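data.cif follows (mmCIF, C-alpha atoms):
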data_coords
#
loop_
_atom_site.group_PDB
_atom_site.id
_atom_site.type_symbol
_atom_site.label_atom_id
_atom_site.label_comp_id
_atom_site.auth_asym_id
_atom_site.auth_seq_id
_atom_site.Cartn_x
_atom_site.Cartn_y
_atom_site.Cartn_z
ATOM 1 C CA MET A 1 -28.184 -8.170 -20.959
ATOM 2 C CA ALA A 2 -25.743 -8.360 -23.855
ATOM 3 C CA GLU A 3 -27.106 -8.129 -27.381
ATOM 4 C CA LEU A 4 -25.479 -9.196 -30.633
ATOM 5 C CA ARG A 5 -25.203 -6.285 -33.054
ATOM 6 C CA ARG A 6 -23.682 -6.053 -36.550
ATOM 7 C CA VAL A 7 -21.558 -2.950 -37.086
ATOM 8 C CA ASP A 8 -18.757 -1.490 -39.173
ATOM 9 C CA PRO A 9 -15.526 -2.319 -37.251
ATOM 10 C CA LYS A 10 -14.142 1.105 -38.179
ATOM 11 C CA ILE A 11 -16.656 2.849 -35.905
ATOM 12 C CA LEU A 12 -15.502 0.991 -32.783
ATOM 13 C CA VAL A 13 -13.693 3.153 -30.236
ATOM 14 C CA PRO A 14 -10.599 1.663 -28.528
ATOM 15 C CA ASN A 15 -10.616 1.431 -24.752
ATOM 16 C CA PRO A 16 -8.186 4.045 -23.339
ATOM 17 C CA ASN A 17 -7.441 1.617 -20.490
ATOM 18 C CA ASN A 18 -6.663 -1.334 -22.747
ATOM 19 C CA PRO A 19 -3.937 -3.263 -20.850
ATOM 20 C CA ARG A 20 -2.159 -4.239 -24.073
ATOM 21 C CA SER A 21 -0.137 -1.277 -25.315
ATOM 22 C CA SER A 22 0.346 -2.793 -28.768
ATOM 23 C CA ILE A 23 -1.750 -5.035 -31.013
ATOM 24 C CA GLY A 24 1.408 -6.708 -32.293
ATOM 25 C CA SER A 25 3.546 -6.411 -35.393
ATOM 26 C CA LEU A 26 2.207 -5.779 -38.886
ATOM 27 C CA GLU A 27 3.083 -9.373 -39.786
ATOM 28 C CA GLU A 28 1.034 -10.704 -36.860
ATOM 29 C CA LEU A 29 -1.875 -8.468 -37.860
ATOM 30 C CA ARG A 30 -1.637 -9.706 -41.455
ATOM 31 C CA LYS A 31 -1.778 -13.334 -40.300
ATOM 32 C CA LEU A 32 -4.803 -12.575 -38.132
ATOM 33 C CA ALA A 33 -6.530 -10.840 -41.055
ATOM 34 C CA LEU A 34 -5.933 -13.853 -43.317
ATOM 35 C CA ASN A 35 -7.348 -16.124 -40.637
ATOM 36 C CA ILE A 36 -10.432 -13.905 -40.263
ATOM 37 C CA LYS A 37 -10.927 -13.927 -44.031
ATOM 38 C CA ALA A 38 -10.779 -17.711 -44.053
ATOM 39 C CA ILE A 39 -12.998 -18.588 -41.092
ATOM 40 C CA GLY A 40 -14.448 -15.312 -39.820
ATOM 41 C CA ILE A 41 -14.435 -14.065 -36.221
ATOM 42 C CA LEU A 42 -15.355 -16.987 -33.988
ATOM 43 C CA HIS A 43 -15.717 -14.854 -30.842
ATOM 44 C CA PRO A 44 -17.233 -11.403 -31.492
ATOM 45 C CA PRO A 45 -15.553 -8.512 -29.663
ATOM 46 C CA ALA A 46 -17.297 -7.274 -26.522
ATOM 47 C CA VAL A 47 -18.200 -3.572 -26.562
ATOM 48 C CA ARG A 48 -20.031 -1.073 -24.362
ATOM 49 C CA GLU A 49 -22.280 1.721 -25.573
ATOM 50 C CA LEU A 50 -21.106 5.107 -24.335
ATOM 51 C CA GLU A 51 -23.393 7.997 -23.404
ATOM 52 C CA ASP A 52 -22.869 9.605 -26.813
ATOM 53 C CA GLY A 53 -23.865 6.388 -28.607
ATOM 54 C CA ARG A 54 -20.364 5.315 -29.629
ATOM 55 C CA LEU A 55 -19.318 1.720 -29.078
ATOM 56 C CA MET A 56 -16.130 1.263 -27.028
ATOM 57 C CA ILE A 57 -14.220 -2.021 -27.212
ATOM 58 C CA VAL A 58 -14.045 -3.868 -23.903
ATOM 59 C CA ALA A 59 -12.313 -7.000 -25.190
ATOM 60 C CA GLY A 60 -11.226 -7.834 -28.717
ATOM 61 C CA HIS A 61 -9.046 -4.953 -29.951
ATOM 62 C CA ARG A 62 -6.912 -7.259 -32.106
ATOM 63 C CA ARG A 63 -9.965 -8.933 -33.636
ATOM 64 C CA ALA A 64 -11.439 -5.534 -34.514
ATOM 65 C CA GLN A 65 -8.159 -4.369 -36.082
ATOM 66 C CA GLY A 66 -7.801 -7.679 -37.908
ATOM 67 C CA ALA A 67 -11.298 -7.293 -39.363
ATOM 68 C CA ILE A 68 -10.483 -3.786 -40.580
ATOM 69 C CA TYR A 69 -7.204 -4.998 -42.102
ATOM 70 C CA ALA A 70 -9.115 -7.851 -43.770
ATOM 71 C CA GLY A 71 -11.507 -5.319 -45.322
ATOM 72 C CA LEU A 72 -14.670 -6.627 -43.665
ATOM 73 C CA PRO A 73 -17.477 -4.064 -43.955
ATOM 74 C CA GLU A 74 -19.330 -5.421 -40.905
ATOM 75 C CA ILE A 75 -18.711 -7.733 -37.948
ATOM 76 C CA ASP A 76 -20.768 -8.995 -35.028
ATOM 77 C CA VAL A 77 -20.135 -7.482 -31.596
ATOM 78 C CA TYR A 78 -21.605 -8.157 -28.176
ATOM 79 C CA VAL A 79 -23.003 -4.924 -26.744
ATOM 80 C CA GLY A 80 -23.147 -5.002 -22.940
ATOM 81 C CA ASP A 81 -23.804 -2.530 -20.159
ATOM 82 C CA GLN A 82 -21.068 -3.493 -17.722
ATOM 83 C CA SER A 83 -19.327 -0.951 -15.509
ATOM 84 C CA ASP A 84 -15.863 0.547 -15.971
ATOM 85 C CA ASP A 85 -14.544 -1.828 -13.316
ATOM 86 C CA LEU A 86 -15.828 -4.886 -15.156
ATOM 87 C CA ASP A 87 -14.538 -3.454 -18.433
ATOM 88 C CA ALA A 88 -11.030 -3.329 -16.970
ATOM 89 C CA LEU A 89 -11.201 -6.815 -15.523
ATOM 90 C CA ALA A 90 -12.597 -8.285 -18.755
ATOM 91 C CA ALA A 91 -9.923 -6.634 -20.905
ATOM 92 C CA VAL A 92 -7.080 -7.770 -18.659
ATOM 93 C CA SER A 93 -8.524 -11.272 -18.295
ATOM 94 C CA GLU A 94 -8.851 -11.809 -22.050
ATOM 95 C CA ASN A 95 -5.264 -10.809 -22.711
ATOM 96 C CA PHE A 96 -3.927 -12.950 -19.865
ATOM 97 C CA VAL A 97 -5.902 -16.045 -20.776
ATOM 98 C CA ARG A 98 -6.233 -15.924 -24.559
ATOM 99 C CA LEU A 99 -3.207 -14.025 -25.812
ATOM 100 C CA ASP A 100 -0.038 -13.595 -23.767
ATOM 101 C CA MET A 101 0.829 -10.052 -22.814
ATOM 102 C CA THR A 102 4.382 -9.069 -22.039
ATOM 103 C CA GLU A 103 5.143 -9.415 -18.344
ATOM 104 C CA PRO A 104 5.467 -5.634 -17.804
ATOM 105 C CA GLU A 105 2.019 -5.221 -19.401
ATOM 106 C CA GLN A 106 0.676 -7.928 -17.096
ATOM 107 C CA TRP A 107 2.157 -6.219 -14.041
ATOM 108 C CA ASN A 108 0.785 -2.793 -15.037
ATOM 109 C CA SER A 109 -2.662 -4.345 -15.452
ATOM 110 C CA VAL A 110 -2.530 -6.121 -12.106
ATOM 111 C CA THR A 111 -1.403 -2.881 -10.450
ATOM 112 C CA ARG A 112 -4.377 -1.017 -11.908
ATOM 113 C CA LEU A 113 -6.827 -3.711 -10.808
ATOM 114 C CA ARG A 114 -5.390 -3.565 -7.301
ATOM 115 C CA GLU A 115 -4.800 0.147 -6.762
ATOM 116 C CA GLU A 116 -7.396 1.919 -8.913
ATOM 117 C CA LEU A 117 -10.250 -0.580 -8.850
ATOM 118 C CA GLY A 118 -9.720 -2.189 -5.471
ATOM 119 C CA TYR A 119 -9.561 -5.861 -6.483
ATOM 120 C CA THR A 120 -8.038 -8.221 -3.942
ATOM 121 C CA ASP A 121 -5.274 -10.657 -4.898
ATOM 122 C CA PRO A 122 -7.650 -13.682 -4.694
ATOM 123 C CA GLN A 123 -10.063 -11.881 -7.038
ATOM 124 C CA VAL A 124 -7.253 -11.045 -9.455
ATOM 125 C CA CYS A 125 -5.942 -14.637 -9.406
ATOM 126 C CA SER A 126 -9.417 -16.047 -10.013
ATOM 127 C CA ALA A 127 -10.219 -13.702 -12.885
ATOM 128 C CA LEU A 128 -6.864 -14.025 -14.605
ATOM 129 C CA MET A 129 -6.458 -17.756 -13.939
ATOM 130 C CA VAL A 130 -3.036 -17.393 -12.320
ATOM 131 C CA THR A 131 -1.684 -18.728 -9.042
ATOM 132 C CA PRO A 132 -0.751 -16.568 -6.029
ATOM 133 C CA THR A 133 2.860 -17.675 -6.574
ATOM 134 C CA TYR A 134 2.791 -16.393 -10.165
ATOM 135 C CA LEU A 135 1.355 -13.100 -8.922
ATOM 136 C CA LYS A 136 4.177 -12.808 -6.376
ATOM 137 C CA ARG A 137 6.792 -13.574 -9.029
ATOM 138 C CA LEU A 138 5.225 -10.939 -11.256
ATOM 139 C CA SER A 139 5.535 -8.434 -8.406
ATOM 140 C CA LEU A 140 9.332 -8.629 -8.753
ATOM 141 C CA LEU A 141 8.929 -6.393 -11.807
ATOM 142 C CA ALA A 142 8.122 -3.490 -9.493
ATOM 143 C CA LYS A 143 11.684 -3.771 -8.177
ATOM 144 C CA LEU A 144 13.487 -3.684 -11.530
ATOM 145 C CA HIS A 145 15.213 -0.797 -13.330
ATOM 146 C CA PRO A 146 13.008 0.381 -16.265
ATOM 147 C CA PRO A 147 15.500 -0.568 -19.041
ATOM 148 C CA ILE A 148 15.466 -4.117 -17.623
ATOM 149 C CA LEU A 149 11.672 -4.129 -17.943
ATOM 150 C CA ASP A 150 12.059 -3.048 -21.577
ATOM 151 C CA ALA A 151 14.405 -5.975 -22.202
ATOM 152 C CA ILE A 152 11.885 -8.374 -20.636
ATOM 153 C CA ALA A 153 9.128 -6.949 -22.865
ATOM 154 C CA LEU A 154 11.334 -7.624 -25.902
ATOM 155 C CA GLY A 155 11.812 -11.242 -24.819
ATOM 156 C CA ARG A 156 15.499 -10.686 -24.039
ATOM 157 C CA GLY A 157 15.275 -10.510 -20.274
ATOM 158 C CA PRO A 158 17.080 -12.411 -17.503
ATOM 159 C CA ASP A 159 16.112 -15.937 -16.480
ATOM 160 C CA ASP A 160 14.234 -16.546 -13.216
ATOM 161 C CA ARG A 161 17.345 -16.913 -11.065
ATOM 162 C CA GLN A 162 18.987 -13.812 -12.509
ATOM 163 C CA ARG A 163 15.769 -11.816 -12.169
ATOM 164 C CA LYS A 164 15.536 -12.701 -8.489
ATOM 165 C CA ILE A 165 19.127 -11.568 -7.917
ATOM 166 C CA LEU A 166 18.534 -8.286 -9.739
ATOM 167 C CA ALA A 167 15.318 -7.589 -7.806
ATOM 168 C CA GLN A 168 17.149 -8.039 -4.502
ATOM 169 C CA ALA A 169 19.426 -5.125 -5.354
ATOM 170 C CA SER A 170 18.139 -1.572 -4.909
ATOM 171 C CA LEU A 171 17.023 0.397 -7.956
ATOM 172 C CA GLU A 172 20.009 2.683 -7.438
ATOM 173 C CA GLU A 173 22.391 -0.287 -7.431
ATOM 174 C CA GLN A 174 20.758 -1.660 -10.580
ATOM 175 C CA ARG A 175 20.982 1.719 -12.255
ATOM 176 C CA ASP A 176 24.683 2.039 -11.422
ATOM 177 C CA ALA A 177 25.427 -1.489 -12.690
ATOM 178 C CA TRP A 178 23.463 -0.825 -15.885
ATOM 179 C CA ALA A 179 25.322 2.451 -16.448
ATOM 180 C CA GLU A 180 28.647 0.670 -16.015
ATOM 181 C CA THR A 181 27.590 -2.018 -18.500
ATOM 182 C CA TYR A 182 26.600 0.469 -21.218
ATOM 183 C CA ALA A 183 29.085 3.263 -20.550
ATOM 184 C CA GLU A 184 30.753 2.616 -23.931
ATOM 185 C CA SER A 185 27.510 2.044 -25.884
ATOM 186 C CA VAL A 186 25.929 5.500 -25.808
ATOM 187 C CA GLU A 187 26.546 8.721 -27.656
ATOM 188 C CA ASP A 188 28.117 11.726 -25.965
ATOM 189 C CA GLY A 189 25.635 13.372 -23.623
ATOM 190 C CA GLU A 190 23.402 10.313 -23.303
ATOM 191 C CA ASP A 191 22.886 8.665 -19.922
ATOM 192 C CA PRO A 192 24.158 5.059 -20.036
ATOM 193 C CA ALA A 193 21.899 4.238 -17.083
ATOM 194 C CA GLU A 194 18.901 4.819 -19.377
ATOM 195 C CA TYR A 195 20.183 2.783 -22.336
ATOM 196 C CA ARG A 196 17.405 0.742 -23.975
ATOM 197 C CA LEU A 197 17.969 -2.345 -26.089
ATOM 198 C CA LYS A 198 17.279 -1.759 -29.763
ATOM 199 C CA ALA A 199 14.045 -3.563 -30.603
ATOM 200 C CA LYS A 200 15.013 -4.116 -34.247
ATOM 201 C CA ASP A 201 18.460 -5.505 -33.449
ATOM 202 C CA PRO A 202 18.134 -9.077 -32.095
ATOM 203 C CA LYS A 203 21.866 -9.108 -31.350
ATOM 204 C CA ASP A 204 21.483 -6.238 -28.901
ATOM 205 C CA THR A 205 21.316 -8.343 -25.748
ATOM 206 C CA VAL A 206 22.515 -8.206 -22.159
ATOM 207 C CA ALA A 207 25.166 -10.305 -20.426
ATOM 208 C CA TRP A 208 22.677 -11.074 -17.659
ATOM 209 C CA GLU A 209 24.907 -13.526 -15.800
ATOM 210 C CA ALA A 210 27.652 -10.939 -15.469
ATOM 211 C CA LEU A 211 25.153 -8.250 -14.424
ATOM 212 C CA ALA A 212 23.581 -10.567 -11.850
ATOM 213 C CA ARG A 213 26.985 -11.587 -10.506
ATOM 214 C CA ASN A 214 27.812 -7.916 -10.083
ATOM 215 C CA LEU A 215 24.692 -7.399 -7.946
ATOM 216 C CA GLU A 216 24.406 -10.770 -6.244
ATOM 217 C CA GLN A 217 23.851 -11.000 -2.522
ATOM 218 C CA ARG A 218 24.164 -14.364 -0.832
ATOM 219 C CA GLU A 219 21.000 -15.864 0.673
ATOM 220 C CA TRP A 220 21.088 -17.652 4.033
ATOM 221 C CA TYR A 221 18.269 -20.194 4.142
ATOM 222 C CA ALA A 222 16.180 -21.192 7.138
ATOM 223 C CA ARG A 223 16.226 -24.818 5.994
ATOM 224 C CA ASN A 224 20.006 -24.920 6.527
ATOM 225 C CA ALA A 225 19.906 -23.301 9.963
ATOM 226 C CA ARG A 226 20.086 -25.273 13.198
ATOM 227 C CA PHE A 227 18.309 -22.558 15.179
ATOM 228 C CA GLY A 228 14.538 -22.139 15.314
ATOM 229 C CA ASP A 229 12.090 -19.265 15.169
ATOM 230 C CA ASP A 230 12.750 -18.158 18.763
ATOM 231 C CA LEU A 231 16.422 -17.477 18.091
ATOM 232 C CA ALA A 232 15.568 -15.938 14.729
ATOM 233 C CA ARG A 233 13.333 -13.418 16.480
ATOM 234 C CA ARG A 234 15.911 -12.812 19.224
ATOM 235 C CA HIS A 235 18.481 -11.852 16.570
ATOM 236 C CA ASN A 236 15.977 -9.785 14.561
ATOM 237 C CA ILE A 237 16.158 -12.026 11.509
ATOM 238 C CA VAL A 238 13.469 -11.147 8.980
ATOM 239 C CA TRP A 239 12.800 -14.030 6.629
ATOM 240 C CA MET A 240 11.998 -13.408 2.978
ATOM 241 C CA GLU A 241 10.421 -15.922 0.635
ATOM 242 C CA ASP A 242 12.229 -17.425 -2.340
ATOM 243 C CA LEU A 243 9.504 -17.339 -4.988
ATOM 244 C CA PHE A 244 11.468 -19.654 -7.266
ATOM 245 C CA ALA A 245 12.029 -22.454 -4.746
ATOM 246 C CA GLU A 246 10.683 -25.932 -5.427
ATOM 247 C CA PRO A 247 7.172 -26.513 -4.029
ATOM 248 C CA GLY A 248 7.108 -28.145 -0.616
ATOM 249 C CA THR A 249 10.493 -26.800 0.522
ATOM 250 C CA ASP A 250 11.174 -24.212 3.199
ATOM 251 C CA SER A 251 11.928 -21.244 0.958
ATOM 252 C CA ARG A 252 12.605 -18.643 3.675
ATOM 253 C CA TYR A 253 15.942 -16.833 3.581
ATOM 254 C CA THR A 254 17.715 -13.747 4.887
ATOM 255 C CA LEU A 255 20.463 -11.557 3.473
ATOM 256 C CA ASP A 256 21.676 -10.597 6.965
ATOM 257 C CA ALA A 257 24.724 -12.857 7.285
ATOM 258 C CA THR A 258 25.770 -11.296 10.615
ATOM 259 C CA ALA A 259 22.449 -12.003 12.333
ATOM 260 C CA TYR A 260 22.283 -15.491 10.818
ATOM 261 C CA ALA A 261 25.786 -16.335 12.092
ATOM 262 C CA ALA A 262 24.979 -14.936 15.548
ATOM 263 C CA ALA A 263 21.850 -17.086 15.796
ATOM 264 C CA GLN A 264 23.806 -20.151 14.708
ATOM 265 C CA GLN A 265 26.460 -19.427 17.313
ATOM 266 C CA ASP A 266 23.774 -18.896 19.960
ATOM 267 C CA TRP A 267 22.265 -22.294 19.139
ATOM 268 C CA LEU A 268 25.697 -23.942 19.176
ATOM 269 C CA ASP A 269 26.612 -22.470 22.563
ATOM 270 C CA ASN A 270 23.381 -23.779 24.079
ATOM 271 C CA GLU A 271 23.249 -27.193 22.437
ATOM 272 C CA ARG A 272 26.799 -28.551 22.234
ATOM 273 C CA PRO A 273 27.866 -31.064 24.932
ATOM 274 C CA GLU A 274 29.977 -29.931 27.872
ATOM 275 C CA ARG A 275 33.747 -29.981 27.340
ATOM 276 C CA SER A 276 33.238 -30.316 23.600
ATOM 277 C CA ILE A 277 35.506 -28.368 21.263
ATOM 278 C CA VAL A 278 34.374 -26.112 18.447
ATOM 279 C CA LEU A 279 36.479 -26.478 15.323
ATOM 280 C CA THR A 280 36.810 -23.625 12.862
ATOM 281 C CA THR A 281 38.096 -23.565 9.291
ATOM 282 C CA ASP A 282 40.386 -21.255 7.396
ATOM 283 C CA GLU A 283 39.498 -19.361 4.219
ATOM 284 C CA TYR A 284 40.194 -22.496 2.171
ATOM 285 C CA GLY A 285 37.898 -24.724 4.243
ATOM 286 C CA TYR A 286 40.642 -26.571 6.124
ATOM 287 C CA ILE A 287 40.125 -27.258 9.846
ATOM 288 C CA ARG A 288 42.165 -25.140 12.230
ATOM 289 C CA ALA A 289 43.624 -27.120 15.125
ATOM 290 C CA PRO A 290 42.744 -25.600 18.531
ATOM 291 C CA GLU A 291 45.629 -24.510 20.723
ATOM 292 C CA GLY A 292 47.375 -27.565 22.151
ATOM 293 C CA PHE A 293 46.075 -29.895 19.453
ATOM 294 C CA ILE A 294 47.548 -31.078 16.187
ATOM 295 C CA THR A 295 45.854 -32.475 13.084
ATOM 296 C CA MET A 296 46.866 -35.837 11.707
ATOM 297 C CA GLY A 297 46.408 -37.039 8.163
ATOM 298 C CA THR A 298 45.452 -40.595 7.252
#
Can the structure from this file be put into structure tokens for me?
Amino acid sequence: MAELRRVDPKILVPNPNNPRSSIGSLEELRKLALNIKAIGILHPPAVRELEDGRLMIVAGHRRAQGAIYAGLPEIDVYVGDQSDDLDALAAVSENFVRLDMTEPEQWNSVTRLREELGYTDPQVCSALMVTPTYLKRLSLLAKLHPPILDAIALGRGPDDRQRKILAQASLEEQRDAWAETYAESVEDGEDPAEYRLKAKDPKDTVAWEALARNLEQREWYARNARFGDDLARRHNIVWMEDLFAEPGTDSRYTLDATAYAAAQQDWLDNERPERSIVLTTDEYGYIRAPEGFITMGT
């Protein structure tokens, strides 16, 4: 059972597994402190009593820091006896639902809930109030070069389409493209592949469209194919899911243009009428006349 206890906020111990790596800027903390001075803390922080008697924050690190900054000698806290697993879930859930974390922070938290604490995706979605699709989109972060993650955390990351293109490239390909982009922006001896955007310089941004174009691979969608699943399996086509497709559409695609073309040709050979003629086009999209035929304009 949780009990309400009044304590000095300075004695509260931060949770070493707090999913939020920062409580925000000094200006944000000042605004929170002014708000606390005006109306108090509406939702007391949740804490857990450790074996040595100290109180560790489970949820409410920013509120505790805001109270200290506001000079409050005492605040109310809820003292519970939940387990480490519930501590982690509560801390992540509060930051997801009540105060947006950066996407890399969200992904790190989800990874910990999955891998260290054994939560299933349905449990994570339910606790964090996110959809399975959002969780899948978030998983793209695991496929991005670390400096790109830093840019996303700063709010200067690629849009959804560009992010998908980047995530389709290997980490090595992303690293090489990043190094090429910032080859002239680093000091002698520094690795351009590890260049990080300067947090205090809002003009330090990335030409994401150019970077994405450099790494783009063309997708071949199932919805545009004439062949079905049988031919797809016969040609070893492995469909991937476009997480940014409109709901209700067939979002499956492959990057294997050779297999896709072979399956299309297989379908065409089996389905076209006897004695019919297959017309091809040149590199500019104009129809090539088969041998013995001529094209006529109108």
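For the atom pair formed by CA of Leu144 (chain A) and CA of Gln174 (chain A), the distance is 7.6 Å, given to one decimal.
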query: Quick one: distance from CA of Tyr69 (chain A) to CA of Val47 (chain A) in Å, one decimal?
result: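 Here the two named atoms are 19.1 Å from each other.
Remark: for Asp266 (chain A), the closest of the candidate residues A:Glu184, A:Leu141, A:His235, A:Glu194 is A:His235 (distances computed over only C-alpha atoms).
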Local residues around (11.6, -4.7, -11.8), at most 9 Å away, using only C-alpha atoms, as a PDB file with C-alpha atoms, keeping the file's coordinate frame:
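To be explicit, this is the file written out as selection-v9.pdb:
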ATOM      1  CA  PRO A 104       5.467  -5.634 -17.804  1.00  0.00           C
ATOM      2  CA  LEU A 138       5.225 -10.939 -11.256  1.00  0.00           C
ATOM      3  CA  SER A 139       5.535  -8.434  -8.406  1.00  0.00           C
ATOM      4  CA  LEU A 140       9.332  -8.629  -8.753  1.00  0.00           C
ATOM      5  CA  LEU A 141       8.929  -6.393 -11.807  1.00  0.00           C
ATOM      6  CA  ALA A 142       8.122  -3.490  -9.493  1.00  0.00           C
ATOM      7  CA  LYS A 143      11.684  -3.771  -8.177  1.00  0.00           C
ATOM      8  CA  LEU A 144      13.487  -3.684 -11.530  1.00  0.00           C
ATOM      9  CA  HIS A 145      15.213  -0.797 -13.330  1.00  0.00           C
ATOM     10  CA  PRO A 146      13.008   0.381 -16.265  1.00  0.00           C
ATOM     11  CA  ILE A 148      15.466  -4.117 -17.623  1.00  0.00           C
ATOM     12  CA  LEU A 149      11.672  -4.129 -17.943  1.00  0.00           C
ATOM     13  CA  ARG A 163      15.769 -11.816 -12.169  1.00  0.00           C
ATOM     14  CA  LEU A 166      18.534  -8.286  -9.739  1.00  0.00           C
ATOM     15  CA  ALA A 167      15.318  -7.589  -7.806  1.00  0.00           C
ATOM     16  CA  LEU A 171      17.023   0.397  -7.956  1.00  0.00           C
TER      17      LEU A 171
END
field: Separation of CA of Asp229 (chain A) from CA of Tyr134 (chain A) in Å
entry: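 Atom-to-atom, CA of Tyr134 (chain A) to CA of Asp229 (chain A), that is 27.1 Å.
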message: With the PyMOL selection byres ((chain A and resi 7) around 12) as the selection, what would be picked from this file? Answer as a PyMOL selection string, please.
response: chain A and resi 4-6+8-12+44-45+47+54-55+64+67-68+72-79
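Proximity of A:Arg252, A:Glu103, A:Thr280, A:Ala151 to Ala199 (chain A), computed with all atoms listed in the file, is greatest for A:Ala151.
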- request: Using all atoms listed in the file, find the one residue out of A:Gln65, A:Asn15, A:Ser185, A:Gln106 that sits nearest to Ala33 (chain A).
  value: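 For Ala33 (chain A), the nearest of the candidates is A:Gln65.
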message: Taking 5 positions as the minimum chain separation for residues in the same chain, which residues sit within 9 Å of Arg137 (chain A) when counting all atoms listed in the file? Answer as a PyMOL selection string.
response: chain A and resi 132+164+243-244
- request: Give as a VMD selection string the residues that the PyMOL selection byres ((chain A and resi 202-205) around 10) matches when applied to the coordinates above.
  value: chain A and resid 151 154 to 157 196 to 201 206 to 208
Can those selected residues be exported to a file as a PDB file, in the coordinates of the input so that it contains C-alpha atoms?
ATOM      1  CA  ALA A 151      14.405  -5.975 -22.202  1.00  0.00           C
ATOM      2  CA  LEU A 154      11.334  -7.624 -25.902  1.00  0.00           C
ATOM      3  CA  GLY A 155      11.812 -11.242 -24.819  1.00  0.00           C
ATOM      4  CA  ARG A 156      15.499 -10.686 -24.039  1.00  0.00           C
ATOM      5  CA  GLY A 157      15.275 -10.510 -20.274  1.00  0.00           C
ATOM      6  CA  ARG A 196      17.405   0.742 -23.975  1.00  0.00           C
ATOM      7  CA  LEU A 197      17.969  -2.345 -26.089  1.00  0.00           C
ATOM      8  CA  LYS A 198      17.279  -1.759 -29.763  1.00  0.00           C
ATOM      9  CA  ALA A 199      14.045  -3.563 -30.603  1.00  0.00           C
ATOM     10  CA  LYS A 200      15.013  -4.116 -34.247  1.00  0.00           C
ATOM     11  CA  ASP A 201      18.460  -5.505 -33.449  1.00  0.00           C
ATOM     12  CA  VAL A 206      22.515  -8.206 -22.159  1.00  0.00           C
ATOM     13  CA  ALA A 207      25.166 -10.305 -20.426  1.00  0.00           C
ATOM     14  CA  TRP A 208      22.677 -11.074 -17.659  1.00  0.00           C
TER      15      TRP A 208
END
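For the choices A:Thr133, A:Pro158, A:Pro192, A:Pro290, the atom-to-atom distance to Ala210 (chain A) is smallest for A:Pro158 when using only C-alpha atoms.
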